[in-house]
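This is upload.txt. It holds compact mmCIF, C-alpha atoms and all ligand atoms.
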```txt
# COMPACT_ATOMS: atom_id res chain seq x y z
CA MET A 25 13.39 -1.31 -14.30
CA LYS A 26 10.41 0.98 -14.72
CA VAL A 27 8.78 1.80 -11.42
CA LEU A 28 5.24 3.07 -10.74
CA ILE A 29 4.24 4.49 -7.37
CA VAL A 30 0.47 4.32 -6.85
CA LEU A 31 -0.75 6.95 -4.39
CA PRO A 32 -4.37 6.76 -3.27
CA THR A 33 -5.66 10.10 -2.05
CA TYR A 34 -8.71 11.24 -0.18
CA ASN A 35 -8.36 14.79 1.15
CA GLU A 36 -4.56 14.94 1.33
CA ALA A 37 -4.07 18.59 0.35
CA ASP A 38 -1.87 19.12 3.44
CA ASN A 39 0.48 16.34 2.39
CA ILE A 40 0.42 15.53 -1.31
CA ASN A 41 2.71 18.34 -2.43
CA LYS A 42 5.55 17.22 -0.17
CA VAL A 43 4.99 13.56 -1.06
CA LEU A 44 5.26 14.28 -4.80
CA ASP A 45 8.22 16.59 -4.30
CA ASN A 46 10.11 13.89 -2.38
CA LEU A 47 9.19 11.10 -4.77
CA LEU A 48 10.23 12.92 -7.93
CA ASN A 49 13.77 13.21 -6.62
CA PHE A 50 14.12 9.62 -7.80
CA ASP A 51 14.45 9.83 -11.55
CA PHE A 52 13.60 6.16 -12.20
CA LEU A 53 9.98 6.30 -11.10
CA ASP A 54 6.61 7.62 -12.22
CA VAL A 55 3.66 8.40 -9.98
CA LEU A 56 -0.03 7.68 -10.38
CA VAL A 57 -2.43 9.44 -8.01
CA VAL A 58 -5.83 7.80 -7.64
CA ASP A 59 -8.12 10.41 -6.13
CA ASP A 60 -11.63 9.75 -4.88
CA SER A 61 -13.23 13.17 -5.32
CA SER A 62 -11.28 14.92 -2.59
CA THR A 63 -13.01 18.13 -1.55
CA ASP A 64 -9.95 19.93 -0.16
CA GLY A 65 -8.06 20.84 -3.33
CA THR A 66 -5.85 17.74 -3.50
CA VAL A 67 -6.57 17.41 -7.22
CA ASP A 68 -5.59 21.01 -7.98
CA ILE A 69 -2.20 20.39 -6.39
CA VAL A 70 -1.71 17.22 -8.41
CA LYS A 71 -2.74 19.02 -11.60
CA SER A 72 -0.17 21.73 -10.98
CA TRP A 73 2.48 18.99 -10.93
CA ILE A 74 1.11 17.46 -14.12
CA LYS A 75 1.69 20.82 -15.84
CA LYS A 76 5.35 20.63 -14.86
CA THR A 77 6.12 16.95 -15.53
CA ASP A 78 4.74 13.98 -17.41
CA ARG A 79 5.96 11.70 -14.63
CA VAL A 80 2.86 12.49 -12.56
CA ASN A 81 -0.46 10.96 -13.62
CA LEU A 82 -3.95 11.23 -12.18
CA ILE A 83 -7.08 9.10 -12.16
CA GLN A 84 -10.15 10.80 -10.69
CA ARG A 85 -12.93 8.61 -9.38
CA PRO A 86 -16.45 9.90 -8.81
CA ALA A 87 -16.79 9.06 -5.10
CA LYS A 88 -14.94 7.67 -2.09
CA LEU A 89 -14.80 4.08 -3.31
CA GLY A 90 -12.20 2.69 -0.91
CA LEU A 91 -8.49 2.03 -0.72
CA GLY A 92 -8.56 -1.46 -2.22
CA THR A 93 -10.33 -0.56 -5.43
CA ALA A 94 -8.17 2.56 -5.72
CA TYR A 95 -5.05 0.37 -5.79
CA ILE A 96 -6.62 -2.09 -8.22
CA THR A 97 -7.53 0.76 -10.56
CA GLY A 98 -3.95 2.02 -10.30
CA PHE A 99 -2.39 -1.40 -10.86
CA LYS A 100 -4.47 -2.00 -13.97
CA TRP A 101 -3.44 1.37 -15.35
CA GLY A 102 0.20 0.41 -14.85
CA LEU A 103 -0.24 -3.08 -16.30
CA GLU A 104 -1.51 -1.47 -19.50
CA ARG A 105 1.84 0.31 -19.63
CA ASP A 106 5.36 -1.09 -19.38
CA TYR A 107 6.03 -0.87 -15.64
CA ASP A 108 8.07 -3.62 -13.97
CA LEU A 109 7.59 -2.70 -10.30
CA PHE A 110 4.49 -1.36 -8.58
CA PHE A 111 4.59 0.38 -5.21
CA GLU A 112 1.75 0.97 -2.79
CA MET A 113 2.34 3.99 -0.61
CA ASP A 114 0.22 6.27 1.59
CA SER A 115 -0.11 9.94 0.61
CA ASP A 116 0.00 11.29 4.15
CA LEU A 117 3.80 11.35 4.69
CA SER A 118 3.62 8.20 6.84
CA HIS A 119 5.92 6.41 4.44
CA ASN A 120 9.40 7.70 3.66
CA PRO A 121 10.24 7.76 -0.06
CA ASN A 122 13.90 7.32 0.84
CA ASP A 123 13.09 3.70 1.68
CA ILE A 124 12.26 2.97 -1.97
CA PRO A 125 15.78 1.88 -2.99
CA LYS A 126 15.80 -0.65 -0.12
CA PHE A 127 12.64 -2.27 -1.49
CA ILE A 128 14.26 -2.53 -4.91
CA ASP A 129 17.41 -4.08 -3.42
CA LYS A 130 15.23 -6.74 -1.81
CA ILE A 131 13.42 -7.38 -5.10
CA ASN A 132 16.82 -7.81 -6.73
CA GLU A 133 17.65 -10.46 -4.12
CA GLY A 134 14.87 -12.50 -5.71
CA PHE A 135 11.71 -11.49 -3.88
CA ASP A 136 8.44 -10.91 -5.76
CA VAL A 137 6.62 -8.95 -3.07
CA VAL A 138 8.41 -6.76 -0.52
CA ILE A 139 6.53 -5.42 2.48
CA GLY A 140 7.83 -2.46 4.46
CA SER A 141 7.50 -3.71 8.04
CA ARG A 142 7.13 -1.66 11.21
CA TYR A 143 7.68 -4.69 13.40
CA MET A 144 10.72 -6.59 12.16
CA ASN A 145 13.02 -8.32 14.66
CA ASN A 146 10.61 -7.77 17.54
CA THR A 147 10.97 -4.00 17.46
CA ILE A 148 8.30 -1.37 16.96
CA SER A 149 9.19 1.37 14.48
CA VAL A 150 6.15 3.61 14.68
CA VAL A 151 6.28 7.31 15.51
CA GLY A 152 3.19 9.07 16.85
CA TRP A 153 0.79 6.32 17.86
CA ASP A 154 -0.76 5.92 21.28
CA PHE A 155 -0.72 2.57 23.04
CA LYS A 156 -4.26 1.68 21.97
CA ARG A 157 -3.53 2.21 18.26
CA LEU A 158 -0.35 0.19 18.53
CA LEU A 159 -2.12 -2.64 20.31
CA LEU A 160 -4.80 -2.77 17.61
CA SER A 161 -2.19 -2.98 14.88
CA LYS A 162 -0.11 -5.62 16.67
CA PHE A 163 -3.23 -7.66 17.44
CA ALA A 164 -4.45 -7.41 13.83
CA ASN A 165 -1.09 -8.71 12.65
CA TRP A 166 -0.99 -11.56 15.12
CA TYR A 167 -4.61 -12.50 14.32
CA ALA A 168 -4.21 -12.49 10.55
CA THR A 169 -0.80 -14.16 10.35
CA THR A 170 -1.78 -16.88 12.83
CA ILE A 171 -5.03 -17.78 11.09
CA LEU A 172 -3.49 -17.66 7.63
CA GLY A 173 -0.28 -19.47 8.55
CA LEU A 174 1.98 -16.56 7.66
CA ARG A 175 3.85 -16.19 10.92
CA ASP A 176 7.07 -15.37 9.04
CA LEU A 177 5.58 -11.99 8.18
CA SER A 178 5.76 -9.38 10.92
CA ASP A 179 3.58 -6.72 9.28
CA ILE A 180 0.91 -8.09 6.97
CA THR A 181 -1.24 -4.93 7.19
CA SER A 182 1.48 -2.52 6.08
CA GLY A 183 0.52 -0.33 3.14
CA PHE A 184 4.06 0.43 1.98
CA ARG A 185 5.05 -2.36 -0.38
CA CYS A 186 6.36 -3.33 -3.77
CA TYR A 187 5.11 -5.95 -6.23
CA ARG A 188 6.79 -7.34 -9.28
CA ARG A 189 4.67 -7.04 -12.40
CA LYS A 190 4.17 -10.79 -12.71
CA VAL A 191 2.51 -10.92 -9.28
CA LEU A 192 -0.15 -8.44 -10.31
CA GLU A 193 -0.59 -10.24 -13.63
CA THR A 194 -1.19 -13.52 -11.76
CA VAL A 195 -3.32 -12.45 -8.80
CA MET A 196 -6.84 -12.10 -10.15
CA LEU A 197 -7.36 -8.45 -9.36
CA ASP A 198 -11.05 -8.61 -10.25
CA LYS A 199 -11.55 -11.30 -7.62
CA ILE A 200 -10.08 -9.29 -4.74
CA LYS A 201 -12.85 -9.03 -2.19
CA SER A 202 -11.40 -6.61 0.34
CA ASN A 203 -11.62 -2.90 0.02
CA GLY A 204 -10.46 -1.50 3.33
CA TYR A 205 -7.66 -2.59 5.62
CA SER A 206 -7.90 -6.24 4.69
CA PHE A 207 -6.86 -5.43 1.14
CA GLN A 208 -3.26 -5.60 2.35
CA ILE A 209 -3.83 -8.94 4.05
CA GLU A 210 -5.60 -10.40 1.02
CA MET A 211 -2.90 -9.32 -1.42
CA ALA A 212 -0.10 -10.72 0.75
CA TYR A 213 -1.91 -14.01 1.33
CA LYS A 214 -2.83 -14.56 -2.31
CA SER A 215 0.68 -13.70 -3.48
CA TYR A 216 2.10 -16.24 -1.04
CA LYS A 217 -0.45 -18.93 -1.94
CA LEU A 218 0.30 -18.48 -5.64
CA GLY A 219 3.92 -19.33 -4.89
CA PHE A 220 5.51 -15.91 -4.98
CA LYS A 221 8.35 -15.04 -2.64
CA VAL A 222 7.13 -12.52 -0.07
CA GLY A 223 9.75 -10.72 2.02
CA GLU A 224 10.05 -7.74 4.31
CA ILE A 225 12.38 -4.82 4.90
CA PRO A 226 12.33 -2.62 8.02
CA ILE A 227 10.71 0.80 7.73
CA ILE A 228 9.81 3.56 10.18
CA PHE A 229 6.17 4.62 10.03
CA TYR A 230 5.30 8.23 10.94
CA GLU A 231 1.69 8.94 11.88
CA ARG A 232 0.23 11.73 9.79
CA ASN A 233 0.39 15.35 10.98
CA GLY A 234 -1.91 16.95 8.44
CA GLY A 235 -5.34 15.78 7.29
CA SER A 236 -7.20 12.98 9.00
CA SER A 237 -7.17 9.18 9.05
CA LYS A 238 -9.84 7.26 7.18
CA MET A 239 -9.41 4.20 9.39
CA SER A 240 -12.72 3.15 10.99
CA LYS A 241 -14.27 0.43 13.11
CA LYS A 242 -16.13 -0.81 10.05
CA ILE A 243 -12.85 -1.32 8.20
CA ALA A 244 -11.36 -3.23 11.16
CA ILE A 245 -14.37 -5.54 11.36
CA GLU A 246 -14.27 -6.16 7.61
CA ALA A 247 -10.67 -7.30 8.06
CA ALA A 248 -11.44 -9.60 10.98
CA ILE A 249 -14.10 -11.46 8.97
CA MET A 250 -12.18 -11.41 5.70
CA VAL A 251 -9.30 -13.38 7.19
CA TRP A 252 -11.62 -16.37 7.71
CA ARG A 253 -13.09 -16.03 4.22
CA LEU A 254 -9.55 -16.07 2.84
CA LYS A 255 -8.57 -19.12 4.86
CA PHE A 256 -11.49 -21.21 3.65
CA GLY A 257 -12.07 -19.59 0.27
CA ARG A 258 -10.54 -20.28 -3.13
CA ILE A 259 -7.60 -18.26 -4.36
N1 LIG B 301 -8.51 7.01 -3.30
C1 LIG B 301 -8.75 6.72 -2.01
N2 LIG B 301 -7.76 6.88 -1.11
C2 LIG B 301 -8.03 6.58 0.19
C3 LIG B 301 -9.29 6.10 0.63
N3 LIG B 301 -9.22 5.89 1.98
C4 LIG B 301 -7.97 6.22 2.34
N4 LIG B 301 -7.25 6.65 1.28
C5 LIG B 301 -5.82 7.04 1.24
O1 LIG B 301 -5.08 5.93 1.68
C6 LIG B 301 -3.95 6.30 2.45
C7 LIG B 301 -4.02 5.68 3.84
O2 LIG B 301 -5.20 6.13 4.50
P1 LIG B 301 -5.20 6.68 6.00
O3 LIG B 301 -6.49 7.36 6.21
O4 LIG B 301 -3.97 7.48 6.27
O5 LIG B 301 -5.20 5.35 6.83
P2 LIG B 301 -4.30 5.02 8.10
O6 LIG B 301 -2.89 5.36 7.72
O7 LIG B 301 -4.53 3.55 8.31
O8 LIG B 301 -4.83 5.88 9.19
C8 LIG B 301 -3.97 7.83 2.46
O9 LIG B 301 -3.14 8.27 1.41
C9 LIG B 301 -5.44 8.17 2.18
O10 LIG B 301 -5.60 9.43 1.56
C10 LIG B 301 -10.33 5.94 -0.37
O11 LIG B 301 -11.46 5.55 -0.10
N5 LIG B 301 -9.99 6.25 -1.66
MG MG B 302 -2.24 7.17 7.37
```
Mind turning the file's structure into structure tokens?
Ligand SMILES: Nc1nc2c(ncn2[C@@H]2O[C@H](COP(=O)(O)OP(=O)(O)O)[C@@H](O)[C@H]2O)c(=O)[nH]1
Ligand SMILES: [Mg+2]
Amino acid sequence: MKVLIVLPTYNEADNINKVLDNLLNFDFLDVLVVDDSSTDGTVDIVKSWIKKTDRVNLIQRPAKLGLGTAYITGFKWGLERDYDLFFEMDSDLSHNPNDIPKFIDKINEGFDVVIGSRYMNNTISVVGWDFKRLLLSKFANWYATTILGLRDLSDITSGFRCYRRKVLETVMLDKIKSNGYSFQIEMAYKSYKLGFKVGEIPIIFYERNGGSSKMSKKIAIEAAIMVWRLKFGRI
């Protein structure tokens, strides 16, 4: 199976080198970085990798256009090529590349979408968050899964996940409305509603050390409203 890891970046110069180094240890995958005009030299680091290997690819967008559209741009790039599996992964070292084989094992069990969950089996596998941040994440998950009827999922906002090609071919990527946090919720919900098998594997999430988070109140509010639009909207 040909695997594409889509890495959205916005000012990840402190992290991207290590992320790429770790990822390329797996010889079965290629990487696509979707950068939104980072101003900290992220692109120069990616370009130095591109000189060394054709397994690293780069799309440069003209402005900070959001996480959701970055992933959609990356997915479309991969769909034009012969990739079978598409991963979403953060570029800030929060997600451990060594989990990738576990996602693929779960896909091979027959799942179409596999979400890396921080909250499986009533545990919390997050390193480096304060209580307030944890509460927000747990509440967001409870809120979205309750309203959308997806209580089987423990971590619907997780950004470490894997899709089979046919999921991305079926979900109408041009109709995805969310751009921020709710992108994850929307993709999980639509995959489920279209009849795909959505499963989870446990992961440990490490809060970033370098760089800074792009999470904002605006993004959280977008998500809170989007859940209702999804519930009553058309797929
Ligand atoms: N291309 C692109 N990447 C983004 C954007 N916003 C966030 N990212 C990237 O998405 C990933 C997750 O963002 P982050 O700020 O760490 O969010 P948090 O983990 O929820 O705090 C990181 O790799 C960011 O660099 C954006 O507007 N465009
Ligand atoms: Mg992060």
Neighbour list for A:Asn165 as a CSV table (one decimal) with C-alpha atoms, keeping the file's coordinate frame, cut-off 9 Å, only C-alpha atoms, skip fewer than 6 positions in-chain:
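Done, and the output landed in part.csv:
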```
chain,number,residue,atom,x,y,z
A,177,LEU,CA,5.6,-12.0,8.2
A,178,SER,CA,5.8,-9.4,10.9
A,179,ASP,CA,3.6,-6.7,9.3
A,180,ILE,CA,0.9,-8.1,7.0
A,181,THR,CA,-1.2,-4.9,7.2
```
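Here atom C2 of ligand LIG 301 (chain B) is placed at a distance of 14.7 Å from atom CA of A:Gly65.
With only C-alpha atoms taken into account, the protein and nucleic acid residues at most 9 Å from A:Asp60 (excluding it and anything under 5 positions from it in its own chain) are Pro32, Thr33, Tyr34, Asn35, Ile83, Gln84, Arg85, Pro86, Ala87, Lys88, Leu89, Gly90 and Ala94 of chain A.
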**Request:** Would you mind listing what lies within 6 Å of stretch 216-231 of chain A as an NGL selection string, with only C-alpha atoms counted and same-chain residues fewer than 5 positions away left out?
**Result:** :A and (118-119 or 135-142 or 144 or 149-152)
Please save C-alpha atoms of the selected residues as a PDB file, in the coordinates of the input.
```pdb
ATOM      1  CA  SER A 118       3.620   8.200   6.840  1.00  0.00           C
ATOM      2  CA  HIS A 119       5.920   6.410   4.440  1.00  0.00           C
ATOM      3  CA  PHE A 135      11.710 -11.490  -3.880  1.00  0.00           C
ATOM      4  CA  ASP A 136       8.440 -10.910  -5.760  1.00  0.00           C
ATOM      5  CA  VAL A 137       6.620  -8.950  -3.070  1.00  0.00           C
ATOM      6  CA  VAL A 138       8.410  -6.760  -0.520  1.00  0.00           C
ATOM      7  CA  ILE A 139       6.530  -5.420   2.480  1.00  0.00           C
ATOM      8  CA  GLY A 140       7.830  -2.460   4.460  1.00  0.00           C
ATOM      9  CA  SER A 141       7.500  -3.710   8.040  1.00  0.00           C
ATOM     10  CA  ARG A 142       7.130  -1.660  11.210  1.00  0.00           C
ATOM     11  CA  MET A 144      10.720  -6.590  12.160  1.00  0.00           C
ATOM     12  CA  SER A 149       9.190   1.370  14.480  1.00  0.00           C
ATOM     13  CA  VAL A 150       6.150   3.610  14.680  1.00  0.00           C
ATOM     14  CA  VAL A 151       6.280   7.310  15.510  1.00  0.00           C
ATOM     15  CA  GLY A 152       3.190   9.070  16.850  1.00  0.00           C
TER      16      GLY A 152
END
```
**Prompt:** Leaving out stretch 43-55 of chain A and any residue of its chain fewer than 6 positions from it, which residues lie within 9 Å of it when counting only C-alpha atoms, given as a list in words?
**Reply:** Met25, Lys26, Val27, Leu28, Ile29, Val30, Leu31, Val70, Trp73, Asp78, Arg79, Val80, Asn81, Leu82, Ser115, Asp116, Leu117, Asn120, Pro121 and Asn122 of chain A
Generate a file of the selected residues that holds C-alpha atoms, formatted as a PDB file, in the coordinates of the input.
```pdb
ATOM      1  CA  MET A  25      13.390  -1.310 -14.300  1.00  0.00           C
ATOM      2  CA  LYS A  26      10.410   0.980 -14.720  1.00  0.00           C
ATOM      3  CA  VAL A  27       8.780   1.800 -11.420  1.00  0.00           C
ATOM      4  CA  LEU A  28       5.240   3.070 -10.740  1.00  0.00           C
ATOM      5  CA  ILE A  29       4.240   4.490  -7.370  1.00  0.00           C
ATOM      6  CA  VAL A  30       0.470   4.320  -6.850  1.00  0.00           C
ATOM      7  CA  LEU A  31      -0.750   6.950  -4.390  1.00  0.00           C
ATOM      8  CA  VAL A  70      -1.710  17.220  -8.410  1.00  0.00           C
ATOM      9  CA  TRP A  73       2.480  18.990 -10.930  1.00  0.00           C
ATOM     10  CA  ASP A  78       4.740  13.980 -17.410  1.00  0.00           C
ATOM     11  CA  ARG A  79       5.960  11.700 -14.630  1.00  0.00           C
ATOM     12  CA  VAL A  80       2.860  12.490 -12.560  1.00  0.00           C
ATOM     13  CA  ASN A  81      -0.460  10.960 -13.620  1.00  0.00           C
ATOM     14  CA  LEU A  82      -3.950  11.230 -12.180  1.00  0.00           C
ATOM     15  CA  SER A 115      -0.110   9.940   0.610  1.00  0.00           C
ATOM     16  CA  ASP A 116       0.000  11.290   4.150  1.00  0.00           C
ATOM     17  CA  LEU A 117       3.800  11.350   4.690  1.00  0.00           C
ATOM     18  CA  ASN A 120       9.400   7.700   3.660  1.00  0.00           C
ATOM     19  CA  PRO A 121      10.240   7.760  -0.060  1.00  0.00           C
ATOM     20  CA  ASN A 122      13.900   7.320   0.840  1.00  0.00           C
TER      21      ASN A 122
END
```
**Contacts of A:Arg175 within 8 Å, only C-alpha atoms, excl. fewer than 4 positions in-chain, as a list of chain:residue names** =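 Everything that qualifies: A:Trp166, A:Thr169, A:Thr170.
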**Asked** Of the residues A:Ala244, A:Cys186, A:Met239, A:Ile131, which is the one nearest to ligand LIG 301 (chain B), using only C-alpha atoms and all ligand atoms?
**Response**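 Smallest separation from ligand LIG 301 (chain B) among the options: A:Met239.
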**Request:** Between atom CA of A:Asn233 and atom CA of A:Ser202, measure the distance and give it in Å to one decimal.
**Result:** 27.1 Å
**Prompt:** What is the distance between atom C3 of ligand LIG 301 (chain B) and atom CA of A:Thr93, in Å to one decimal?
**Reply:**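 That distance, rounded to one decimal, is 9.1 Å.
Across A:Asp114, A:Asp108, A:Asp64, A:Glu246, the tightest approach to ligand LIG 301 (chain B) is made by A:Asp114 when counting all atoms listed in the file.
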**Item:** A:Asp123, A:Glu36, A:Thr66, A:Ser61 ranked by distance to ligand MG 302 (chain B), top pick (using only C-alpha atoms and all ligand atoms)
**Value:**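 The shortest atom-to-atom distance to ligand MG 302 (chain B) comes from A:Glu36.
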**Counting only C-alpha atoms and all ligand atoms, the option among A:Ile74, A:Leu172, A:Met211, A:Ile243 closest to ligand LIG 301 (chain B)** =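 Closest residue, counting only C-alpha atoms and all ligand atoms: A:Ile243.
Nearest residue to ligand LIG 301 (chain B), choosing from A:Ser72, A:Ser215, A:Asn145, A:Asn39 and counting all atoms listed in the file: A:Asn39.
Using only C-alpha atoms and all ligand atoms, the nearest neighbour of ligand MG 302 (chain B) within the list A:Arg185, A:Met113, A:Ile249, A:Gly134 is A:Met113.
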Taking all listed atoms of stretch 145-154 of chain A, build the axis-aligned box, pad each of the six sides by 5 Å, then write its centre and edge lengths in Å to one decimal as lines of an AutoDock Vina configuration file.
```
center_x = 6.1
center_y = 0.4
center_z = 17.9
size_x = 23.8
size_y = 27.4
size_z = 16.8
```
